[in-house]
$ cat work-v8.cif   # mmCIF, C-alpha atoms and all ligand atoms
data_input
#
loop_
_atom_site.label_atom_id
_atom_site.label_comp_id
_atom_site.auth_asym_id
_atom_site.auth_seq_id
_atom_site.Cartn_x
_atom_site.Cartn_y
_atom_site.Cartn_z
CA MET A 1 82.88 111.30 91.02
CA LYS A 2 86.50 110.20 90.89
CA PRO A 3 88.79 111.70 93.59
CA LYS A 4 91.00 114.42 92.14
CA ILE A 5 94.77 113.95 92.46
CA GLU A 6 97.02 117.00 92.24
CA ASN A 7 99.96 115.71 94.31
CA LEU A 8 101.88 112.68 93.14
CA TYR A 9 104.80 110.84 94.72
CA VAL A 10 106.69 108.16 92.77
CA HIS A 11 109.02 105.84 94.69
CA ILE A 12 112.04 104.48 92.82
CA PRO A 13 113.56 101.95 95.22
CA PHE A 14 117.10 101.46 93.84
CA CYS A 15 120.46 102.62 95.21
CA THR A 16 124.00 101.86 94.10
CA HIS A 17 124.90 101.15 97.75
CA LEU A 18 122.97 101.13 101.03
CA CYS A 19 123.68 103.74 103.73
CA PRO A 20 123.89 102.59 107.36
CA TYR A 21 121.29 105.03 108.70
CA CYS A 22 118.61 104.61 106.05
CA ASP A 23 115.26 102.93 106.60
CA PHE A 24 113.53 103.95 103.36
CA PRO A 25 112.23 101.11 101.18
CA LYS A 26 115.20 100.48 98.88
CA GLU A 27 117.43 97.79 97.43
CA ARG A 28 120.68 97.50 95.52
CA LEU A 29 120.52 98.02 91.77
CA ALA A 30 119.77 94.82 89.87
CA GLY A 31 118.87 94.78 86.18
CA ASN A 32 115.95 92.35 86.25
CA ARG A 33 114.30 94.05 89.23
CA MET A 34 114.52 97.46 87.56
CA ARG A 35 112.63 95.98 84.61
CA ASP A 36 110.05 94.54 87.06
CA PHE A 37 109.72 97.97 88.66
CA LEU A 38 109.10 99.78 85.38
CA ARG A 39 106.50 97.24 84.28
CA GLY A 40 104.77 97.48 87.67
CA LEU A 41 104.77 101.28 87.59
CA GLN A 42 103.27 101.25 84.11
CA ALA A 43 100.48 98.94 85.31
CA GLU A 44 99.89 101.03 88.44
CA TRP A 45 99.70 104.23 86.39
CA ALA A 46 97.10 102.60 84.10
CA TRP A 47 95.06 101.60 87.17
CA ALA A 48 95.35 105.12 88.65
CA GLN A 49 94.02 106.64 85.42
CA GLU A 50 90.87 104.54 85.76
CA GLU A 51 90.46 105.16 89.46
CA PHE A 52 91.22 108.87 89.91
CA ALA A 53 90.85 112.21 88.12
CA LEU A 54 94.59 112.64 87.63
CA SER A 55 95.87 116.15 87.05
CA PRO A 56 99.13 116.16 89.00
CA ARG A 57 100.41 119.70 89.49
CA ARG A 58 103.17 118.78 91.94
CA ILE A 59 105.26 115.65 91.44
CA PHE A 60 108.05 114.27 93.59
CA PHE A 61 110.25 111.36 92.47
CA GLY A 62 111.97 109.99 95.58
CA GLY A 63 113.67 106.84 96.67
CA GLY A 64 115.95 105.14 96.80
CA THR A 65 117.84 107.07 94.20
CA PRO A 66 115.81 107.73 91.03
CA THR A 67 118.94 108.70 89.12
CA ALA A 68 120.61 105.37 89.93
CA LEU A 69 118.76 104.01 86.88
CA SER A 70 120.81 103.84 83.70
CA PRO A 71 120.11 106.59 81.10
CA SER A 72 118.04 104.20 79.00
CA LEU A 73 115.91 103.01 81.96
CA LEU A 74 115.59 106.61 83.17
CA GLN A 75 114.30 107.50 79.71
CA GLU A 76 111.71 104.71 79.98
CA LEU A 77 110.66 106.02 83.39
CA MET A 78 110.22 109.52 81.95
CA GLU A 79 107.94 108.14 79.23
CA ILE A 80 105.53 106.16 81.42
CA ALA A 81 103.25 109.17 82.00
CA PRO A 82 103.06 112.85 81.01
CA TRP A 83 104.90 113.88 84.19
CA GLY A 84 106.33 116.94 82.42
CA GLN A 85 102.92 118.65 82.39
CA ALA A 86 103.18 119.32 86.13
CA GLU A 87 103.99 122.82 87.43
CA GLU A 88 106.64 121.42 89.75
CA TRP A 89 108.57 118.18 89.33
CA THR A 90 111.32 117.31 91.76
CA VAL A 91 113.69 114.37 91.34
CA GLU A 92 116.00 113.14 94.10
CA ALA A 93 119.57 112.35 93.07
CA ASN A 94 122.88 111.40 94.62
CA PRO A 95 126.04 113.26 93.61
CA ASP A 96 127.82 110.06 92.54
CA GLY A 97 126.53 108.92 89.20
CA LEU A 98 124.69 112.13 88.33
CA ILE A 99 126.29 112.35 84.91
CA ALA A 100 125.57 115.04 82.30
CA SER A 101 123.51 112.72 80.07
CA LYS A 102 121.10 112.08 82.97
CA THR A 103 120.64 115.75 83.93
CA SER A 104 120.03 116.63 80.24
CA LEU A 105 117.49 113.85 79.95
CA LEU A 106 115.71 115.01 83.12
CA ARG A 107 115.59 118.60 81.92
CA GLU A 108 114.23 117.60 78.51
CA ALA A 109 111.49 115.61 80.25
CA GLY A 110 110.48 118.73 82.21
CA VAL A 111 112.05 118.23 85.66
CA THR A 112 112.08 121.55 87.53
CA ARG A 113 114.13 120.70 90.63
CA ILE A 114 116.92 118.32 91.62
CA SER A 115 117.13 117.41 95.27
CA LEU A 116 120.74 116.37 95.78
CA GLY A 117 121.68 114.04 98.66
CA VAL A 118 124.88 115.84 99.65
CA GLN A 119 124.53 115.18 103.42
CA ALA A 120 128.07 116.38 104.28
CA PHE A 121 131.35 117.66 102.85
CA ARG A 122 134.01 116.61 105.40
CA PRO A 123 135.56 113.26 104.43
CA ALA A 124 135.12 111.93 107.99
CA ASP A 125 131.39 112.77 107.99
CA LEU A 126 130.86 111.24 104.56
CA ALA A 127 132.72 108.07 105.58
CA TRP A 128 130.66 107.70 108.78
CA LEU A 129 127.46 108.13 106.76
CA GLY A 130 128.65 105.48 104.32
CA ARG A 131 128.46 107.88 101.38
CA ARG A 132 130.57 107.29 98.30
CA HIS A 133 130.99 110.86 97.06
CA ASP A 134 133.42 113.64 97.95
CA ARG A 135 133.59 117.42 97.52
CA ALA A 136 134.69 117.18 93.90
CA THR A 137 131.80 114.82 93.05
CA ILE A 138 129.32 117.23 94.64
CA ALA A 139 130.72 120.18 92.67
CA THR A 140 130.55 118.20 89.41
CA ALA A 141 126.97 117.10 90.06
CA VAL A 142 125.91 120.68 90.79
CA ALA A 143 127.63 121.85 87.59
CA HIS A 144 125.67 119.22 85.59
CA VAL A 145 122.38 120.43 87.09
CA ARG A 146 123.22 124.02 86.16
CA GLN A 147 124.49 123.18 82.66
CA ALA A 148 121.35 121.19 81.92
CA GLY A 149 119.27 124.26 82.83
CA ILE A 150 117.26 122.58 85.60
CA PRO A 151 115.82 125.66 87.32
CA LEU A 152 115.95 124.72 91.02
CA LEU A 153 118.40 122.92 93.28
CA ASN A 154 117.91 121.56 96.78
CA LEU A 155 120.77 120.24 98.89
CA ASP A 156 120.03 117.68 101.62
CA LEU A 157 122.31 117.86 104.68
CA ILE A 158 122.54 115.84 107.90
CA TYR A 159 123.76 117.11 111.30
CA GLY A 160 124.41 115.64 114.72
CA LEU A 161 127.31 113.49 113.46
CA PRO A 162 130.28 112.31 115.62
CA ASP A 163 132.90 115.02 116.23
CA GLN A 164 130.71 117.59 114.54
CA GLY A 165 130.82 120.67 116.74
CA PRO A 166 129.23 124.03 115.92
CA ALA A 167 132.29 125.13 113.91
CA GLU A 168 132.25 121.99 111.73
CA TRP A 169 128.50 122.25 111.12
CA GLN A 170 128.78 125.96 110.36
CA SER A 171 131.45 125.26 107.77
CA THR A 172 129.21 122.54 106.23
CA LEU A 173 126.37 125.06 105.94
CA GLU A 174 128.73 127.62 104.43
CA GLU A 175 130.03 125.16 101.86
CA ALA A 176 126.44 124.34 100.95
CA CYS A 177 125.52 128.03 100.59
CA ALA A 178 128.58 128.59 98.39
CA LEU A 179 126.99 126.22 95.84
CA GLN A 180 124.11 128.69 95.60
CA PRO A 181 121.16 126.32 96.08
CA ASP A 182 117.60 127.64 96.14
CA HIS A 183 116.62 125.30 98.93
CA ILE A 184 118.35 123.41 101.75
CA SER A 185 116.92 120.54 103.79
CA ALA A 186 118.84 119.97 107.03
CA TYR A 187 117.89 116.88 109.04
CA VAL A 188 119.22 115.64 112.35
CA ILE A 189 120.63 112.10 112.15
CA THR A 190 117.88 109.81 113.42
CA PRO A 191 118.47 106.22 114.55
CA GLU A 192 115.79 104.07 112.91
CA ALA A 193 114.92 100.53 113.96
CA GLY A 194 116.69 97.80 112.03
CA THR A 195 119.48 99.98 110.66
CA GLU A 196 123.24 99.62 111.05
CA LEU A 197 123.14 102.85 113.06
CA ILE A 198 121.16 101.11 115.81
CA ARG A 199 123.82 98.41 115.96
CA ARG A 200 126.49 101.10 116.41
CA ILE A 201 124.50 102.55 119.31
CA GLU A 202 123.96 99.13 120.90
CA GLN A 203 127.68 98.41 120.66
CA GLY A 204 128.54 101.73 122.26
CA GLU A 205 130.30 103.12 119.16
CA TRP A 206 128.16 106.25 119.13
CA HIS A 207 125.12 107.77 120.76
CA PRO A 208 122.90 110.73 119.88
CA ASP A 209 123.24 113.86 122.03
CA PRO A 210 119.90 115.75 122.06
CA ASP A 211 121.35 118.88 123.73
CA HIS A 212 124.08 119.14 121.13
CA GLU A 213 121.56 118.53 118.35
CA SER A 214 119.41 121.38 119.71
CA LEU A 215 122.42 123.69 119.60
CA LEU A 216 123.11 122.76 115.97
CA PHE A 217 119.42 123.14 115.11
CA LEU A 218 119.38 126.74 116.40
CA LEU A 219 122.66 127.45 114.62
CA THR A 220 121.14 126.17 111.36
CA GLN A 221 118.19 128.54 111.67
CA ARG A 222 120.49 131.49 112.42
CA ILE A 223 123.00 130.89 109.65
CA LEU A 224 120.55 130.05 106.89
CA GLU A 225 118.23 132.92 107.76
CA SER A 226 121.22 135.29 107.65
CA ARG A 227 121.84 133.98 104.09
CA GLY A 228 118.32 134.84 102.95
CA PHE A 229 116.71 131.41 103.45
CA SER A 230 113.41 131.21 105.25
CA ALA A 231 112.75 128.28 107.58
CA TYR A 232 109.36 127.46 106.10
CA GLU A 233 109.41 124.14 107.93
CA ILE A 234 111.56 122.83 110.78
CA SER A 235 114.02 121.07 108.44
CA ASN A 236 113.39 122.95 105.20
CA PHE A 237 114.80 126.31 104.13
CA ALA A 238 114.07 128.16 100.90
CA LEU A 239 114.93 131.40 99.18
CA PRO A 240 111.80 133.54 98.65
CA GLY A 241 109.37 131.79 96.30
CA LYS A 242 111.50 128.63 96.00
CA GLU A 243 109.62 126.47 98.52
CA CYS A 244 108.72 122.90 97.55
CA ARG A 245 104.99 123.13 96.75
CA HIS A 246 104.59 119.36 96.86
CA HIS A 247 105.79 119.28 100.48
CA GLN A 248 103.63 122.28 101.37
CA ALA A 249 100.53 120.59 99.95
CA ILE A 250 101.16 117.44 102.00
CA TRP A 251 101.83 119.43 105.19
CA SER A 252 98.59 121.33 104.70
CA GLY A 253 96.64 118.06 104.56
CA GLU A 254 95.95 117.74 100.81
CA ASP A 255 95.45 114.28 99.33
CA TYR A 256 98.35 112.64 97.54
CA LEU A 257 98.81 109.51 95.48
CA GLY A 258 101.99 107.44 95.92
CA LEU A 259 103.09 105.09 93.14
CA GLY A 260 105.83 102.45 93.33
CA PRO A 261 106.92 99.82 95.86
CA GLY A 262 106.41 100.96 99.46
CA ALA A 263 104.74 104.23 98.40
CA VAL A 264 102.07 105.66 100.70
CA SER A 265 98.85 107.31 99.46
CA THR A 266 96.19 109.29 101.27
CA VAL A 267 93.07 109.82 99.18
CA ALA A 268 89.50 110.61 100.21
CA GLY A 269 89.89 109.53 103.84
CA ARG A 270 91.76 106.31 103.08
CA ARG A 271 95.48 105.62 103.49
CA TRP A 272 97.43 102.70 102.10
CA ARG A 273 100.99 101.59 101.55
CA ASN A 274 102.00 99.53 98.53
CA ILE A 275 103.83 96.30 99.17
CA ARG A 276 107.59 96.99 99.44
CA ASP A 277 109.05 94.02 97.62
CA THR A 278 109.68 95.15 94.05
CA THR A 279 108.94 91.84 92.36
CA LEU A 280 105.72 91.25 94.32
CA TYR A 281 104.74 94.89 93.67
CA ALA A 282 105.18 94.43 89.93
CA ARG A 283 103.45 91.06 89.86
CA SER A 284 100.40 92.28 91.76
CA ALA A 285 100.21 95.58 89.79
CA GLU A 286 100.23 93.64 86.52
CA SER A 287 97.67 91.07 87.59
CA GLY A 288 95.47 93.91 88.90
CA PRO A 289 93.42 95.64 89.85
CA HIS A 290 96.18 97.51 91.74
CA PRO A 291 99.47 96.65 93.53
CA ALA A 292 99.04 94.70 96.76
CA HIS A 293 98.83 96.89 99.87
CA GLU A 294 100.65 95.99 103.05
CA GLU A 295 98.88 98.67 105.09
CA ASN A 296 95.38 99.95 104.56
CA GLU A 297 93.42 102.13 106.95
CA ILE A 298 90.60 104.59 107.20
CA CYS A 299 91.94 108.05 107.92
CA GLY A 300 88.99 109.72 109.62
CA PRO A 301 88.51 113.33 110.77
CA ARG A 302 90.20 112.65 114.13
CA GLU A 303 93.35 111.20 112.52
CA ARG A 304 93.41 113.97 109.89
CA ARG A 305 93.16 116.63 112.60
CA ALA A 306 95.99 115.05 114.62
CA GLU A 307 98.13 114.97 111.50
CA ARG A 308 97.29 118.57 110.65
CA ILE A 309 98.51 119.61 114.10
CA LEU A 310 101.67 117.50 113.91
CA LEU A 311 102.65 118.74 110.45
CA GLY A 312 101.24 122.28 110.66
CA LEU A 313 103.17 123.08 113.85
CA ARG A 314 106.40 122.34 112.00
CA THR A 315 105.72 125.02 109.39
CA SER A 316 106.18 128.78 109.45
CA GLU A 317 102.50 129.06 108.40
CA GLY A 318 101.51 127.56 111.75
CA LEU A 319 98.00 126.39 112.51
CA ALA A 320 94.70 128.18 112.11
CA GLU A 321 93.36 128.65 115.64
CA GLU A 322 90.03 127.10 114.69
CA THR A 323 91.92 123.79 114.35
CA LEU A 324 92.76 124.19 118.05
CA HIS A 325 89.26 124.96 119.23
CA GLY A 326 88.84 124.29 123.00
CA GLN A 327 92.59 124.43 123.69
CA GLU A 328 92.65 127.95 125.12
CA ALA A 329 94.39 127.03 128.40
CA CYS A 330 97.03 124.98 126.61
CA LEU A 331 97.74 127.75 124.07
CA SER A 332 98.15 130.31 126.88
CA GLU A 333 100.56 127.97 128.67
CA LEU A 334 102.62 127.49 125.51
CA VAL A 335 102.78 131.25 124.93
CA ALA A 336 103.78 131.83 128.60
CA LYS A 337 106.60 129.27 128.24
CA GLY A 338 107.88 131.12 125.18
CA TRP A 339 107.28 128.09 122.93
CA GLY A 340 104.52 129.58 120.81
CA ARG A 341 102.91 132.80 119.70
CA ARG A 342 99.51 133.81 118.38
CA PHE A 343 99.31 136.02 115.36
CA GLY A 344 96.54 136.85 112.89
CA GLY A 345 94.28 133.99 113.97
CA LYS A 346 97.15 131.48 113.84
CA PHE A 347 99.28 129.68 116.38
CA LEU A 348 102.99 129.39 115.52
CA LEU A 349 105.98 127.90 117.28
CA THR A 350 108.94 130.07 118.29
CA PRO A 351 112.46 128.69 117.61
CA ARG A 352 112.47 127.32 121.19
CA GLY A 353 109.07 125.76 120.56
CA ARG A 354 110.32 124.18 117.32
CA LEU A 355 112.87 122.27 119.39
CA ARG A 356 109.91 120.61 121.12
CA ALA A 357 107.48 120.42 118.20
CA ASP A 358 106.48 116.80 118.82
CA ALA A 359 105.89 117.39 122.55
CA VAL A 360 103.79 120.51 121.79
CA ALA A 361 101.78 118.55 119.23
CA ALA A 362 101.13 115.83 121.83
CA MET A 363 99.74 118.52 124.18
CA LEU A 364 97.39 119.84 121.52
CA ILE A 365 96.09 116.62 119.96
S1 LIG A 401 121.21 106.69 98.95
FE1 LIG A 401 119.44 107.54 100.07
S2 LIG A 401 117.80 106.03 99.84
FE2 LIG A 401 119.72 105.03 99.21
S3 LIG A 401 120.41 103.96 101.02
FE3 LIG A 401 121.42 105.96 101.03
S4 LIG A 401 120.06 107.31 102.21
FE4 LIG A 401 118.88 105.47 101.67
#
$ encode --input "work-v8.cif" --output "structure tokens"
Amino acid sequence: MKPKIENLYVHIPFCTHLCPYCDFPKERLAGNRMRDFLRGLQAEWAWAQEEFALSPRRIFFGGGTPTALSPSLLQELMEIAPWGQAEEWTVEANPDGLIASKTSLLREAGVTRISLGVQAFRPADLAWLGRRHDRATIATAVAHVRQAGIPLLNLDLIYGLPDQGPAEWQSTLEEACALQPDHISAYVITPEAGTELIRRIEQGEWHPDPDHESLLFLLTQRILESRGFSAYEISNFALPGKECRHHQAIWSGEDYLGLGPGAVSTVAGRRWRNIRDTTLYARSAESGPHPAHEENEICGPRERRAERILLGLRTSEGLAEETLHGQEACLSELVAKGWGRRFGGKFLLTPRGRLRADAVAAMLI
């Protein structure tokens, strides 16, 4: 029997410019490579139809910047598969370049949520992050999403930036709330190997401050919860019923298929990552049987359990205690420290515990 796929991720690896902190697989827009990408995706989709029982209910188009494609290429992307039959279809976008013709096209194709890479509002923050937009661009992009009738809006934000004290971060959160999103993702800035950000740290231009980040993390929880958002995961906040079901499925350990260069899949105990180079991806997808993989591993029960703990601890659902069988002493210690609580057969982290989620996971795995 073919493995059933209900969760689909599609990676669109193009950006109009490259941000200094980003380590996602991406490249600058270039016409011929976008054509390669679309041909490769078409071939990979055809392969996936043979290989799996595809009935994607939750689709996420990430990147890169999916909406960096021109309207005509975006239209081609929309037509590769019947994506619009999904219950939930999220597309990531950047405020700059999100013109009305693109939001209309996305809505007509059936997109249900735009996830907008706002990151910050203050000019100094945006400049440090290497972003090209400003407040006015953000407001225009949000207006286009609303006018097109796309039902849901997420705003991505980043904290822990230079000269960003509690007052500055609070005003960023308030500006975001004033745009009336249904969902906010707030991530701490994270130095990733090989990025320009690491060079800045090595040259002493900036360094992360974990204590300050913890302060801003707790402030985020307080402010967004007071505005009606629930912290359903450490970095993700939603109004009631507006959670991202695709994310929730992945966090709860469901299989997912990733299409596109650099995309990761986990299906039936196997995990692989497609080759990142767009041209090689397209060439290998077209020559078949599937795009070349640069990582390929068996994901056995032990690895799946470790992942369940790592991801489940980050959510407000917590972990079923049977997942933590034999960890009685450790759970009692975590409760005594005030980092966790037990409720209805589940183990959940407290806000203080969420600050140490990775360390708690390491204790329990
Ligand atoms: S726009 Fe997004 S994906 Fe592209 S470089 Fe910036 S952070 Fe990375």
$ closest_atom_pairs --input "work-v8.cif" --of "chain A" --to "ligand LIG 401 (chain A)" --cutoff "6 Å" --atoms "all atoms listed in the file" --output "Markdown table"
| residue | atom | partner | partner_atom | distance |
| --- | --- | --- | --- | --- |
| A:Cys15 | CA | A:LIG401 | FE2 | 4.7 |
| A:Leu18 | CA | A:LIG401 | S3 | 3.8 |
| A:Cys19 | CA | A:LIG401 | FE3 | 4.2 |
| A:Cys22 | CA | A:LIG401 | FE4 | 4.5 |
| A:Phe24 | CA | A:LIG401 | FE4 | 5.8 |
| A:Gly63 | CA | A:LIG401 | S2 | 5.3 |
| A:Gly64 | CA | A:LIG401 | S2 | 3.7 |
| A:Thr65 | CA | A:LIG401 | FE2 | 5.7 |
$ residues_around --input "work-v8.cif" --residues "Ser72 (chain A)" --least-positions-apart "5" --cutoff "12 Å" --atoms "all atoms listed in the file" --output "list in words"
Gly31, Met34, Arg35, Leu38, Thr67, Leu77, Met78, Glu79, Ser101, Lys102, Leu105 and Leu106 of chain A
$ write_last_selection --input "work-v8.cif" --atoms "C-alpha atoms" --output "CSV table (one decimal), in the frame of the given file"
chain,number,residue,atom,x,y,z
A,31,GLY,CA,118.9,94.8,86.2
A,34,MET,CA,114.5,97.5,87.6
A,35,ARG,CA,112.6,96.0,84.6
A,38,LEU,CA,109.1,99.8,85.4
A,67,THR,CA,118.9,108.7,89.1
A,77,LEU,CA,110.7,106.0,83.4
A,78,MET,CA,110.2,109.5,82.0
A,79,GLU,CA,107.9,108.1,79.2
A,101,SER,CA,123.5,112.7,80.1
A,102,LYS,CA,121.1,112.1,83.0
A,105,LEU,CA,117.5,113.8,80.0
A,106,LEU,CA,115.7,115.0,83.1
$ residues_around --input "work-v8.cif" --residues "Asn236 (chain A)" --least-positions-apart "2" --cutoff "8 Å" --atoms "all atoms listed in the file" --output "PDB file with C-alpha atoms, in the frame of the given file"
ATOM      1  CA  HIS A 183     116.620 125.300  98.930  1.00  0.00           C
ATOM      2  CA  ILE A 184     118.350 123.410 101.750  1.00  0.00           C
ATOM      3  CA  SER A 185     116.920 120.540 103.790  1.00  0.00           C
ATOM      4  CA  ALA A 186     118.840 119.970 107.030  1.00  0.00           C
ATOM      5  CA  ALA A 231     112.750 128.280 107.580  1.00  0.00           C
ATOM      6  CA  TYR A 232     109.360 127.460 106.100  1.00  0.00           C
ATOM      7  CA  GLU A 233     109.410 124.140 107.930  1.00  0.00           C
ATOM      8  CA  ILE A 234     111.560 122.830 110.780  1.00  0.00           C
ATOM      9  CA  ALA A 238     114.070 128.160 100.900  1.00  0.00           C
TER      10      ALA A 238
END
$ atom_distance --input "work-v8.cif" --atom1 "CA of Glu92 (chain A)" --atom2 "CA of Arg222 (chain A)"
26.3 Å
$ residues_around --input "work-v8.cif" --residues "region 301-308 of chain A" --least-positions-apart "2" --cutoff "9 Å" --atoms "all atoms listed in the file" --output "tab-separated table (two decimals) with C-alpha atoms, in the coordinates of the input"
chain	number	residue	atom	x	y	z
A	251	TRP	CA	101.83	119.43	105.19
A	252	SER	CA	98.59	121.33	104.70
A	253	GLY	CA	96.64	118.06	104.56
A	269	GLY	CA	89.89	109.53	103.84
A	298	ILE	CA	90.60	104.59	107.20
A	299	CYS	CA	91.94	108.05	107.92
A	310	LEU	CA	101.67	117.50	113.91
A	311	LEU	CA	102.65	118.74	110.45
A	312	GLY	CA	101.24	122.28	110.66
A	313	LEU	CA	103.17	123.08	113.85
A	319	LEU	CA	98.00	126.39	112.51
A	323	THR	CA	91.92	123.79	114.35
A	361	ALA	CA	101.78	118.55	119.23
A	362	ALA	CA	101.13	115.83	121.83
A	364	LEU	CA	97.39	119.84	121.52
A	365	ILE	CA	96.09	116.62	119.96
$ closest_atom_pairs --input "work-v8.cif" --of "region 271-317 of chain A" --to "region 264-267 of chain A" --cutoff "12 Å" --atoms "all atoms listed in the file" --output "Markdown table"
| residue | atom | partner | partner_atom | distance |
| --- | --- | --- | --- | --- |
| A:Arg271 | CA | A:Thr266 | CA | 4.3 |
| A:Trp272 | CA | A:Ser265 | CA | 5.5 |
| A:Arg273 | CA | A:Val264 | CA | 4.3 |
| A:Asn274 | CA | A:Val264 | CA | 6.5 |
| A:Ile275 | CA | A:Val264 | CA | 9.6 |
| A:Arg276 | CA | A:Val264 | CA | 10.4 |
| A:Pro291 | CA | A:Val264 | CA | 11.8 |
| A:His293 | CA | A:Val264 | CA | 9.4 |
| A:Glu294 | CA | A:Val264 | CA | 10.1 |
| A:Glu295 | CA | A:Val264 | CA | 8.8 |
| A:Asn296 | CA | A:Ser265 | CA | 9.6 |
| A:Glu297 | CA | A:Thr266 | CA | 9.5 |
| A:Ile298 | CA | A:Thr266 | CA | 9.4 |
| A:Cys299 | CA | A:Thr266 | CA | 8.0 |
| A:Gly300 | CA | A:Thr266 | CA | 11.0 |
| A:Glu303 | CA | A:Thr266 | CA | 11.8 |
| A:Arg304 | CA | A:Thr266 | CA | 10.2 |
| A:Glu307 | CA | A:Thr266 | CA | 11.9 |
$ residues_around --input "work-v8.cif" --residues "Ala127 (chain A)" --least-positions-apart "5" --cutoff "12 Å" --atoms "all atoms listed in the file" --output "compact mmCIF listing (two decimals) with C-alpha atoms, keeping the file's coordinate frame"
# COMPACT_ATOMS: atom_id res chain seq x y z
CA CYS A 19 123.68 103.74 103.73
CA PRO A 20 123.89 102.59 107.36
CA GLN A 119 124.53 115.18 103.42
CA ALA A 120 128.07 116.38 104.28
CA PHE A 121 131.35 117.66 102.85
CA ARG A 122 134.01 116.61 105.40
CA ARG A 132 130.57 107.29 98.30
CA HIS A 133 130.99 110.86 97.06
CA ASP A 134 133.42 113.64 97.95
CA LEU A 161 127.31 113.49 113.46
CA PRO A 162 130.28 112.31 115.62
$ closest_residue --input "work-v8.cif" --among "A:Tyr159, A:Trp339, A:Phe60, A:Trp128" --to "Thr190 (chain A)" --atoms "all atoms listed in the file"
A:Tyr159
$ residues_around --input "work-v8.cif" --residues "Ile223 (chain A)" --least-positions-apart "6" --cutoff "12 Å" --atoms "all atoms listed in the file" --output "PyMOL selection string"
chain A and resi 166-167+169-177+184+186+216-217+229-231+237
$ write_last_selection --input "work-v8.cif" --atoms "C-alpha atoms" --output "tab-separated table (two decimals), keeping the file's coordinate frame"
chain	number	residue	atom	x	y	z
A	166	PRO	CA	129.23	124.03	115.92
A	167	ALA	CA	132.29	125.13	113.91
A	169	TRP	CA	128.50	122.25	111.12
A	170	GLN	CA	128.78	125.96	110.36
A	171	SER	CA	131.45	125.26	107.77
A	172	THR	CA	129.21	122.54	106.23
A	173	LEU	CA	126.37	125.06	105.94
A	174	GLU	CA	128.73	127.62	104.43
A	175	GLU	CA	130.03	125.16	101.86
A	176	ALA	CA	126.44	124.34	100.95
A	177	CYS	CA	125.52	128.03	100.59
A	184	ILE	CA	118.35	123.41	101.75
A	186	ALA	CA	118.84	119.97	107.03
A	216	LEU	CA	123.11	122.76	115.97
A	217	PHE	CA	119.42	123.14	115.11
A	229	PHE	CA	116.71	131.41	103.45
A	230	SER	CA	113.41	131.21	105.25
A	231	ALA	CA	112.75	128.28	107.58
A	237	PHE	CA	114.80	126.31	104.13
